[in-house]
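This report concerns only the one structure given below.
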Amino acid sequence: MLTNKILRYFVLPVLLSLAFCKAHAQNLDEKTYVHKMRLIDSLSFRKMQDFDTLYKVSIKDDVENYSEDFYGWIRARDKEGTGILTINGTELKIERKLIIGIKPLPLDKETIDSLISWERKEIFFNMENFAVDNLLILWLYEKGKEDYSKQFLPKRQTFFADTDIMQGFGALYDDAMLHAFSYERNYPKAIAFGEHLSGRIFNGFKYQKEAIALTSQLKNHSEDFKTFRIPDSLQWLSLKKKLTRKEQILYLADRLRLLNCIQQGQPGDISYDMRQYSISYNEARRSHISYRGPDTKFMVINPFIELLKMTPDVQETELLLPYLTTDTYIPSYTYGRDYLPERTLNQLSWVIESLIFGITSKHFVNRYYFEPLTLEQKKTEVEKIKRWCEDNAALSPEALTINELRTATNWSSFYIAIQIAKRQKNDSLPDILVQRFNSFRGGTSWPSNRGYMAETMFELQNGKYVDVVRKWNKDTTDKWVNLWASMFLMKFDKDSYPAAIKALEAVLKQCNGITYYPHAIDFLLGLKDKNALKLAERIMDKATFQQYIYWDYYESFIRKLLNAKSDYTFSFLSGKLSAYKLDVMKNLNKDGDNQITQNDEFVLAVDELKSDPPGYYKARTNLAKQEYIRKLESWFKTQYNLLKKGRPNELRLDIKQVSPPQGALVDSYYK
């Protein structure tokens with residue numbers, strides 16, 4: 001499957017308005033121009049006078065199906081690949097097997113014109129590159145080519161103010177530092193960037209204080225991920241036998257600083273319960289190993305999850321309190337969009353706060369108010385938590401959970417208490433859901449608060465609450481409630497089945513294909529009922545589902561429907577293949593164009609039933625694509641007919657456990 005199906009950009013007209021042109025050189029007087037060159041030189045991590053030749057490096061990746069050109073200066077070459085400093089300041093190590101060409105460029109007008117032309121074609125070039133062309137401008141100046149250098153000056157003066165240049169380079173190297181820390185686990189590299197950001201020239205950079213603190217921390221933690229590491233499940237199982245319960249808690253708590261959570265989409269977030277691996281994200285990607293799915297060779301335990309599984313009591317929770325006062329960072333950060341400079345580097349104290357919340361269902365501190373406090377002030381707040389632990393030491397975990405469920409006044413606390421009660425298999429949970437059903441109206445749309453309570457009631461599978469759920473379902477103001485209440489009644493009350501399936505149909509009719517439908521598909525197919533199958537099949541008609549139809553998560557629904565021998569699903573897909581004729585394709589694509597249209601997504605959805613990665617990517621011309629589609633159409637028809645007859649076939653209908661994309665159907669510790 002494709003490993004990079006993340007939409008990076010949106011609202012194109014708005015983004016294009018942010019780009020600035022270099023239609024002609026900015027009119028800077030010579031003194032100001034020279035000052036800017038000296039400033040850029042002092043801000044640059046690399047000294048541009050060390051580089052003699054500009055290169056064009058072309059790459060092609062057949063596995064992930066992309067090709068790209070890089071312009072920059074070669075830093076090093078070895079048997080693994082080529083290190084390049086790009087003209088926008090990023091440093092890349094390109095694998096040898098991906099490189100299809102390295103071309104030295106003469107320093108002449110043709111090269112300059114080609115660079116300008118390339119940038120104009122690269123719509124997002126200046127939006128995602130914090131240092132823009134400043135290194136190229138400096139390099140050309142140092143080569144005595146001022147006229148060429150000035151052609152890359154920004155047209156608008158505001159983009160070339162000293163402060164903005166400094167902030168741009170700061171963002172560039174801050175991102176490089178965090179990437180080295182989190183994605184590469186390369187502490188020496190992160191320290192080098194951190195020390196650079198610590199210099200006086202970056203005074204005023206918004207993340208300088210963080211860079212200084214992280215640099216100091218990494219120098220003291222040189223054995224992280226080496227001798228000090230997280231064990232795999234078998235190692236932990238063996239180790240637990242040698243440790244007391246208190247020692248187990250402290251062992252796991254000490255290793256929370258190694259939580260390496262990688263954001264999988266943008267905008268997006270991370271969760272501290274993400275899978276953890278013995279190798280870095282970059283190592284995994286080079287080896288085409290998924291950093292989402294389970295991997296028996298490289299997976300290690302997640303100490304956050306293991307601590308929750310231990311269900312510490314109140315007294316044991318006190319063992320975690322000292323970690324709240326630390327200023328340690330973990331190799332996990334988040335961002336809204338990669339072309340925006342804001343980065344949020346997570347702290348160990350945030351993990352501990354989330355952990356304590358997960359254990360007690362109580363928010364003791366607000367991290368955004370707690371973080372700026374002095375050490376003494378933090379200790380005072382921690383002492384308050386300790387007194388609460390002492391006052392409630394006699395209560396069992398189950399009693400604490402019930403108390404929180406009955407008294408919580410905010411949704412996040414109530415939500416976590418439900419999570420804990422489910423893990424505890426707490427018998428009081430269904431009654432409390434009934435009692436507090438109307439205490440938390442509203443909430444987010446994925447799902448609503450009461451919708452989540454109805455979902456929990458469905459999961460608990462207690463048929464004695466049929467009358468209550470029937471009342472819930474009569475109120476049609478909350479579709480999430482109706483979704484789960486309808487399925488509950490279909491499962492536990494035969495008399496309600498006809499009305500309940502109509503209610504469910506009304507909900508799914510309003511679904512775009514990625515909201516309510518993903519929750520209902522498995523349930524509907526499991527009923528082995530023709531009306532339920534017909535209802536499930538209608539996901540194929542939903543426009544938003546069609547947009548994501550070849551994404552791993554949503555493509556799994558196609559496999560499930562075909563496994564159920566859904567003629568409707570087969571006819572829909574084969575019809576899309578038949579309709580994608582050469583004249584339609586020519587209006588949408590040029591030969592060699594890597595853009596994927598909706599029509600191509602339908603082709604890929606079928607092609608992924610045949611091979612991984614899909615062979616369609618290898619077709620570069622429209623004629624080649626047409627020939628491939630016609631063969632795929634014939635293959636699909638033949639294989640589905642064999643499936644219908646119960647005979648061996650080549651359809652790849654195995655269902656993989658794939659997490660929902662970020663932002664959709666995601667449970668987190670904070671709703």
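In the structure tokens, each chain is lettered A, B, ... as it comes, each chain's residues begin at 1, and ligands are numbered from 1 in order of appearance.
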
Among range 49-99 of chain A, which residues carry a DSSP assignment of helix (DSSP H, G or I), reported as a ChimeraX atom specification? /A:49-50,96-98

Those same residues - all heavy atoms - I'd like them written as a PDB file, in the first residue's frame.
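Resulting contents of part.pdb:
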ATOM      1  N   GLN A  49      31.078  29.280   1.866  1.00  0.00           N
ATOM      2  CA  GLN A  49      32.336  29.339   1.129  1.00  0.00           C
ATOM      3  C   GLN A  49      32.998  27.970   1.019  1.00  0.00           C
ATOM      4  O   GLN A  49      33.932  27.778   0.228  1.00  0.00           O
ATOM      5  CB  GLN A  49      33.314  30.339   1.769  1.00  0.00           C
ATOM      6  CG  GLN A  49      33.706  30.005   3.199  1.00  0.00           C
ATOM      7  CD  GLN A  49      32.863  30.751   4.212  1.00  0.00           C
ATOM      8  OE1 GLN A  49      31.685  31.009   3.960  1.00  0.00           O
ATOM      9  NE2 GLN A  49      33.466  31.128   5.342  1.00  0.00           N
ATOM     10  N   ASP A  50      32.502  26.990   1.813  1.00  0.00           N
ATOM     11  CA  ASP A  50      33.057  25.633   1.758  1.00  0.00           C
ATOM     12  C   ASP A  50      32.552  24.845   0.555  1.00  0.00           C
ATOM     13  O   ASP A  50      33.034  23.740   0.286  1.00  0.00           O
ATOM     14  CB  ASP A  50      32.713  24.864   3.038  1.00  0.00           C
ATOM     15  CG  ASP A  50      33.367  25.474   4.281  1.00  0.00           C
ATOM     16  OD1 ASP A  50      34.347  26.219   4.116  1.00  0.00           O
ATOM     17  OD2 ASP A  50      32.879  25.206   5.393  1.00  0.00           O
ATOM     18  N   ARG A  96      21.243   5.779  -1.926  1.00  0.00           N
ATOM     19  CA  ARG A  96      21.895   5.566  -3.217  1.00  0.00           C
ATOM     20  C   ARG A  96      20.954   4.954  -4.244  1.00  0.00           C
ATOM     21  O   ARG A  96      20.967   5.329  -5.425  1.00  0.00           O
ATOM     22  CB  ARG A  96      23.112   4.663  -3.001  1.00  0.00           C
ATOM     23  CG  ARG A  96      23.972   4.465  -4.239  1.00  0.00           C
ATOM     24  CD  ARG A  96      25.197   3.622  -3.893  1.00  0.00           C
ATOM     25  NE  ARG A  96      26.053   3.423  -5.053  1.00  0.00           N
ATOM     26  CZ  ARG A  96      27.178   2.733  -5.026  1.00  0.00           C
ATOM     27  NH1 ARG A  96      27.583   2.181  -3.890  1.00  0.00           N
ATOM     28  NH2 ARG A  96      27.910   2.589  -6.115  1.00  0.00           N
ATOM     29  N   LYS A  97      20.117   4.024  -3.798  1.00  0.00           N
ATOM     30  CA  LYS A  97      19.245   3.315  -4.735  1.00  0.00           C
ATOM     31  C   LYS A  97      18.160   4.213  -5.328  1.00  0.00           C
ATOM     32  O   LYS A  97      17.561   3.877  -6.349  1.00  0.00           O
ATOM     33  CB  LYS A  97      18.599   2.113  -4.050  1.00  0.00           C
ATOM     34  CG  LYS A  97      17.661   2.479  -2.913  1.00  0.00           C
ATOM     35  CD  LYS A  97      17.081   1.237  -2.252  1.00  0.00           C
ATOM     36  CE  LYS A  97      16.139   1.593  -1.102  1.00  0.00           C
ATOM     37  NZ  LYS A  97      15.591   0.396  -0.445  1.00  0.00           N
ATOM     38  N   LEU A  98      17.910   5.375  -4.702  1.00  0.00           N
ATOM     39  CA  LEU A  98      16.879   6.277  -5.198  1.00  0.00           C
ATOM     40  C   LEU A  98      17.411   7.259  -6.229  1.00  0.00           C
ATOM     41  O   LEU A  98      16.646   7.848  -6.990  1.00  0.00           O
ATOM     42  CB  LEU A  98      16.256   7.064  -4.043  1.00  0.00           C
ATOM     43  CG  LEU A  98      15.551   6.265  -2.943  1.00  0.00           C
ATOM     44  CD1 LEU A  98      15.005   7.213  -1.885  1.00  0.00           C
ATOM     45  CD2 LEU A  98      14.421   5.428  -3.520  1.00  0.00           C
TER      46      LEU A  98
END

Could you pull out the strand (DSSP E or B) residues of range 96-297 of chain A, going by DSSP on the backbone, and write them as a compact mmCIF listing (two decimals) with N, CA, C and O atoms, in the first residue's frame?
# COMPACT_ATOMS: atom_id res chain seq x y z
N ILE A 99 18.71 7.46 -6.24
CA ILE A 99 19.31 8.49 -7.09
C ILE A 99 19.41 8.00 -8.54
O ILE A 99 20.00 6.96 -8.82
N ILE A 100 18.84 8.78 -9.45
CA ILE A 100 18.91 8.43 -10.87
C ILE A 100 19.80 9.41 -11.64
O ILE A 100 20.06 9.22 -12.83
N GLY A 101 20.26 10.45 -10.96
CA GLY A 101 21.15 11.39 -11.63
C GLY A 101 21.69 12.45 -10.70
O GLY A 101 20.96 12.98 -9.86
N ILE A 102 23.00 12.76 -10.83
CA ILE A 102 23.63 13.86 -10.11
C ILE A 102 24.37 14.69 -11.14
O ILE A 102 25.32 14.22 -11.77
N LYS A 103 23.92 15.92 -11.31
CA LYS A 103 24.45 16.75 -12.39
C LYS A 103 25.04 18.05 -11.83
O LYS A 103 24.34 18.84 -11.21
N PRO A 104 26.36 18.28 -12.02
CA PRO A 104 26.93 19.56 -11.62
C PRO A 104 26.44 20.66 -12.56
O PRO A 104 26.32 20.45 -13.77
N LEU A 105 26.14 21.83 -11.99
CA LEU A 105 25.58 22.91 -12.79
C LEU A 105 26.59 24.03 -12.96
O LEU A 105 27.17 24.50 -11.98
N ASP A 224 20.60 7.12 25.90
CA ASP A 224 19.21 6.87 25.52
C ASP A 224 19.14 6.05 24.24
O ASP A 224 19.87 6.32 23.27
N PHE A 228 20.35 2.48 27.75
CA PHE A 228 19.10 2.85 28.43
C PHE A 228 18.00 2.83 27.39
O PHE A 228 17.89 3.71 26.54
N GLN A 276 5.50 1.68 20.14
CA GLN A 276 6.90 2.07 20.27
C GLN A 276 7.80 1.02 19.59
O GLN A 276 7.46 -0.17 19.55
N TYR A 277 8.94 1.48 19.09
CA TYR A 277 9.81 0.61 18.31
C TYR A 277 11.26 0.75 18.75
O TYR A 277 11.69 1.79 19.25

Any idea what's packed within 12 Å of Ser396 in chain A, counting only C-alpha atoms, ignoring anything in its chain fewer than 2 positions away? Could you give it as a VMD selection string? chain A and resid 311 to 316 359 to 360 389 392 to 394 398 to 403 424 426

Would you write out those residues with N, CA and C atoms, as a compact mmCIF listing (two decimals), in the first residue's frame?
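Contents of part.txt, as written:
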# COMPACT_ATOMS: atom_id res chain seq x y z
N THR A 311 -2.81 -0.72 36.68
CA THR A 311 -3.84 -0.07 37.51
C THR A 311 -3.30 0.29 38.90
N PRO A 312 -2.34 1.21 38.96
CA PRO A 312 -1.79 1.62 40.26
C PRO A 312 -2.88 2.15 41.18
N ASP A 313 -2.75 1.87 42.47
CA ASP A 313 -3.69 2.44 43.42
C ASP A 313 -3.22 3.85 43.79
N VAL A 314 -3.95 4.49 44.69
CA VAL A 314 -3.66 5.88 45.03
C VAL A 314 -2.27 6.03 45.63
N GLN A 315 -1.90 5.12 46.51
CA GLN A 315 -0.58 5.21 47.14
C GLN A 315 0.53 5.03 46.10
N GLU A 316 0.32 4.13 45.15
CA GLU A 316 1.32 3.91 44.11
C GLU A 316 1.41 5.11 43.17
N ILE A 359 -5.20 7.38 35.62
CA ILE A 359 -5.33 6.50 36.79
C ILE A 359 -6.44 6.97 37.71
N THR A 360 -6.50 8.29 37.93
CA THR A 360 -7.42 8.83 38.95
C THR A 360 -8.67 9.47 38.37
N CYS A 389 -3.90 12.17 47.58
CA CYS A 389 -3.61 10.73 47.54
C CYS A 389 -3.69 10.13 48.94
N ASN A 392 -7.27 9.80 50.16
CA ASN A 392 -8.09 8.81 49.45
C ASN A 392 -7.42 7.45 49.37
N ALA A 393 -6.40 7.25 50.18
CA ALA A 393 -5.62 6.01 50.12
C ALA A 393 -6.45 4.77 50.43
N ALA A 394 -7.50 4.92 51.22
CA ALA A 394 -8.31 3.77 51.64
C ALA A 394 -9.25 3.29 50.54
N GLU A 398 -11.60 0.80 42.01
CA GLU A 398 -12.98 0.74 41.55
C GLU A 398 -13.83 1.81 42.23
N ALA A 399 -13.62 1.99 43.53
CA ALA A 399 -14.39 2.99 44.28
C ALA A 399 -14.05 4.39 43.82
N LEU A 400 -12.78 4.64 43.54
CA LEU A 400 -12.37 5.95 43.03
C LEU A 400 -13.05 6.25 41.69
N THR A 401 -13.09 5.24 40.84
CA THR A 401 -13.69 5.42 39.53
C THR A 401 -15.18 5.72 39.64
N ILE A 402 -15.86 4.96 40.47
CA ILE A 402 -17.30 5.17 40.66
C ILE A 402 -17.57 6.57 41.21
N ASN A 403 -16.74 6.98 42.16
CA ASN A 403 -16.91 8.31 42.75
C ASN A 403 -16.74 9.40 41.69
N GLN A 424 -11.67 -1.89 34.16
CA GLN A 424 -11.91 -2.56 35.44
C GLN A 424 -13.08 -3.54 35.37
N ASN A 426 -16.13 -2.68 35.53
CA ASN A 426 -16.89 -2.16 36.68
C ASN A 426 -18.38 -2.35 36.44

Mind checking which residues fall within 9 Å of range 26-37 of chain A, counting only C-alpha atoms, ignoring those fewer than 4 positions away in the same chain, and posting them as a ChimeraX atom specification? /A:22,41-42,134,137-138,141-142,150-157,160-162,165

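Distances from A:Ala564, A:Val603, A:Leu340, A:Leu321 to Lys379 in chain A were compared using only C-alpha atoms, and the smallest one belongs to A:Leu321.
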
Excluding Phe70 in chain A and any residue of its chain fewer than 2 positions from it, enumerate the residues within 9 Å of it, using only C-alpha atoms, and give them as a VMD selection string. chain A and resid 55 to 59 68 72 84 86 to 87

Need the shell around Pro106 in chain A: protein/DNA/RNA residues with any atom at most 9 Å away, counting only C-alpha atoms. Skip same-chain ones fewer than 5 positions apart. Format as a PyMOL selection string? chain A and resi 53-55+111

Would you save the residues of that selection, restricted to N, CA and C atoms, as a PDB file, in the first residue's frame?
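Result written to result17.pdb:
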ATOM      1  N   THR A  53      30.472  23.813  -5.938  1.00  0.00           N
ATOM      2  CA  THR A  53      29.622  23.499  -7.092  1.00  0.00           C
ATOM      3  C   THR A  53      28.179  23.262  -6.680  1.00  0.00           C
ATOM      4  N   LEU A  54      27.273  23.806  -7.468  1.00  0.00           N
ATOM      5  CA  LEU A  54      25.843  23.563  -7.282  1.00  0.00           C
ATOM      6  C   LEU A  54      25.452  22.342  -8.115  1.00  0.00           C
ATOM      7  N   TYR A  55      24.614  21.479  -7.535  1.00  0.00           N
ATOM      8  CA  TYR A  55      24.225  20.239  -8.212  1.00  0.00           C
ATOM      9  C   TYR A  55      22.700  20.129  -8.333  1.00  0.00           C
ATOM     10  N   THR A 111      21.675  28.275 -15.865  1.00  0.00           N
ATOM     11  CA  THR A 111      21.404  27.654 -14.562  1.00  0.00           C
ATOM     12  C   THR A 111      20.492  28.533 -13.723  1.00  0.00           C
TER      13      THR A 111
END

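Taking only C-alpha atoms, the non-local environment of Asp478 in chain A within 10 Å (same-chain residues fewer than 2 positions away omitted) comprises Arg441, Gly442, Ser445, Pro447, Ser448, Asn449, Arg450, Gly451, Trp472, Asn473, Asp475, Thr476, Trp480, Val481, Asn482, Leu483 and Val507 of chain A.
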
Any chance you can output those residues with N, CA and C atoms as a PDB file, in the first residue's frame?
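Saved the output as selection_4.pdb:
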ATOM      1  N   ARG A 441     -24.399  17.045  27.475  1.00  0.00           N
ATOM      2  CA  ARG A 441     -24.887  17.237  26.112  1.00  0.00           C
ATOM      3  C   ARG A 441     -23.825  17.938  25.269  1.00  0.00           C
ATOM      4  N   GLY A 442     -23.951  17.782  23.971  1.00  0.00           N
ATOM      5  CA  GLY A 442     -23.015  18.464  23.083  1.00  0.00           C
ATOM      6  C   GLY A 442     -21.731  17.685  22.928  1.00  0.00           C
ATOM      7  N   SER A 445     -17.807  16.347  17.376  1.00  0.00           N
ATOM      8  CA  SER A 445     -18.625  15.595  16.423  1.00  0.00           C
ATOM      9  C   SER A 445     -18.096  14.189  16.152  1.00  0.00           C
ATOM     10  N   PRO A 447     -17.163  11.184  18.524  1.00  0.00           N
ATOM     11  CA  PRO A 447     -18.589  11.472  18.381  1.00  0.00           C
ATOM     12  C   PRO A 447     -19.020  12.528  19.394  1.00  0.00           C
ATOM     13  N   SER A 448     -20.325  12.702  19.556  1.00  0.00           N
ATOM     14  CA  SER A 448     -20.843  13.581  20.599  1.00  0.00           C
ATOM     15  C   SER A 448     -20.639  12.901  21.955  1.00  0.00           C
ATOM     16  N   ASN A 449     -20.777  13.669  23.025  1.00  0.00           N
ATOM     17  CA  ASN A 449     -20.592  13.104  24.369  1.00  0.00           C
ATOM     18  C   ASN A 449     -21.606  11.997  24.652  1.00  0.00           C
ATOM     19  N   ARG A 450     -22.868  12.301  24.421  1.00  0.00           N
ATOM     20  CA  ARG A 450     -23.889  11.279  24.673  1.00  0.00           C
ATOM     21  C   ARG A 450     -23.755  10.124  23.675  1.00  0.00           C
ATOM     22  N   GLY A 451     -23.262  10.436  22.479  1.00  0.00           N
ATOM     23  CA  GLY A 451     -23.030   9.370  21.500  1.00  0.00           C
ATOM     24  C   GLY A 451     -21.995   8.383  22.006  1.00  0.00           C
ATOM     25  N   TRP A 472     -33.765   6.510  24.568  1.00  0.00           N
ATOM     26  CA  TRP A 472     -32.686   7.327  24.001  1.00  0.00           C
ATOM     27  C   TRP A 472     -32.890   7.505  22.498  1.00  0.00           C
ATOM     28  N   ASN A 473     -33.307   6.445  21.836  1.00  0.00           N
ATOM     29  CA  ASN A 473     -33.386   6.457  20.377  1.00  0.00           C
ATOM     30  C   ASN A 473     -34.558   7.283  19.853  1.00  0.00           C
ATOM     31  N   ASP A 475     -35.216  10.292  20.705  1.00  0.00           N
ATOM     32  CA  ASP A 475     -34.727  11.657  20.518  1.00  0.00           C
ATOM     33  C   ASP A 475     -33.779  11.655  19.316  1.00  0.00           C
ATOM     34  N   THR A 476     -34.171  12.307  18.233  1.00  0.00           N
ATOM     35  CA  THR A 476     -33.383  12.272  16.987  1.00  0.00           C
ATOM     36  C   THR A 476     -32.474  13.495  16.835  1.00  0.00           C
ATOM     37  N   TRP A 480     -25.338  10.544  16.704  1.00  0.00           N
ATOM     38  CA  TRP A 480     -24.433   9.551  17.280  1.00  0.00           C
ATOM     39  C   TRP A 480     -25.168   8.642  18.265  1.00  0.00           C
ATOM     40  N   VAL A 481     -26.079   9.220  19.019  1.00  0.00           N
ATOM     41  CA  VAL A 481     -26.895   8.405  19.927  1.00  0.00           C
ATOM     42  C   VAL A 481     -27.761   7.456  19.116  1.00  0.00           C
ATOM     43  N   ASN A 482     -28.390   7.988  18.060  1.00  0.00           N
ATOM     44  CA  ASN A 482     -29.253   7.152  17.234  1.00  0.00           C
ATOM     45  C   ASN A 482     -28.480   6.021  16.567  1.00  0.00           C
ATOM     46  N   LEU A 483     -27.247   6.302  16.166  1.00  0.00           N
ATOM     47  CA  LEU A 483     -26.413   5.274  15.542  1.00  0.00           C
ATOM     48  C   LEU A 483     -26.242   4.082  16.472  1.00  0.00           C
ATOM     49  N   VAL A 507     -29.867   7.548   9.809  1.00  0.00           N
ATOM     50  CA  VAL A 507     -28.574   8.110  10.222  1.00  0.00           C
ATOM     51  C   VAL A 507     -27.556   7.980   9.101  1.00  0.00           C
TER      52      VAL A 507
END

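Interatomic distance, CA of Gln266 in chain A against CA of Pro518 in chain A: 21.4 Å.
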
For Phe51 in chain A, which residue among A:Tyr339, A:Tyr148, A:Trp139, A:Phe202 is the nearest when counting only C-alpha atoms? A:Trp139

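Here CA of Tyr187 in chain A and CA of Ile201 in chain A stand 22.9 Å from one another.
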
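In this model, the gap between CA of Gln208 in chain A and CA of Glu342 in chain A comes to 12.8 Å.
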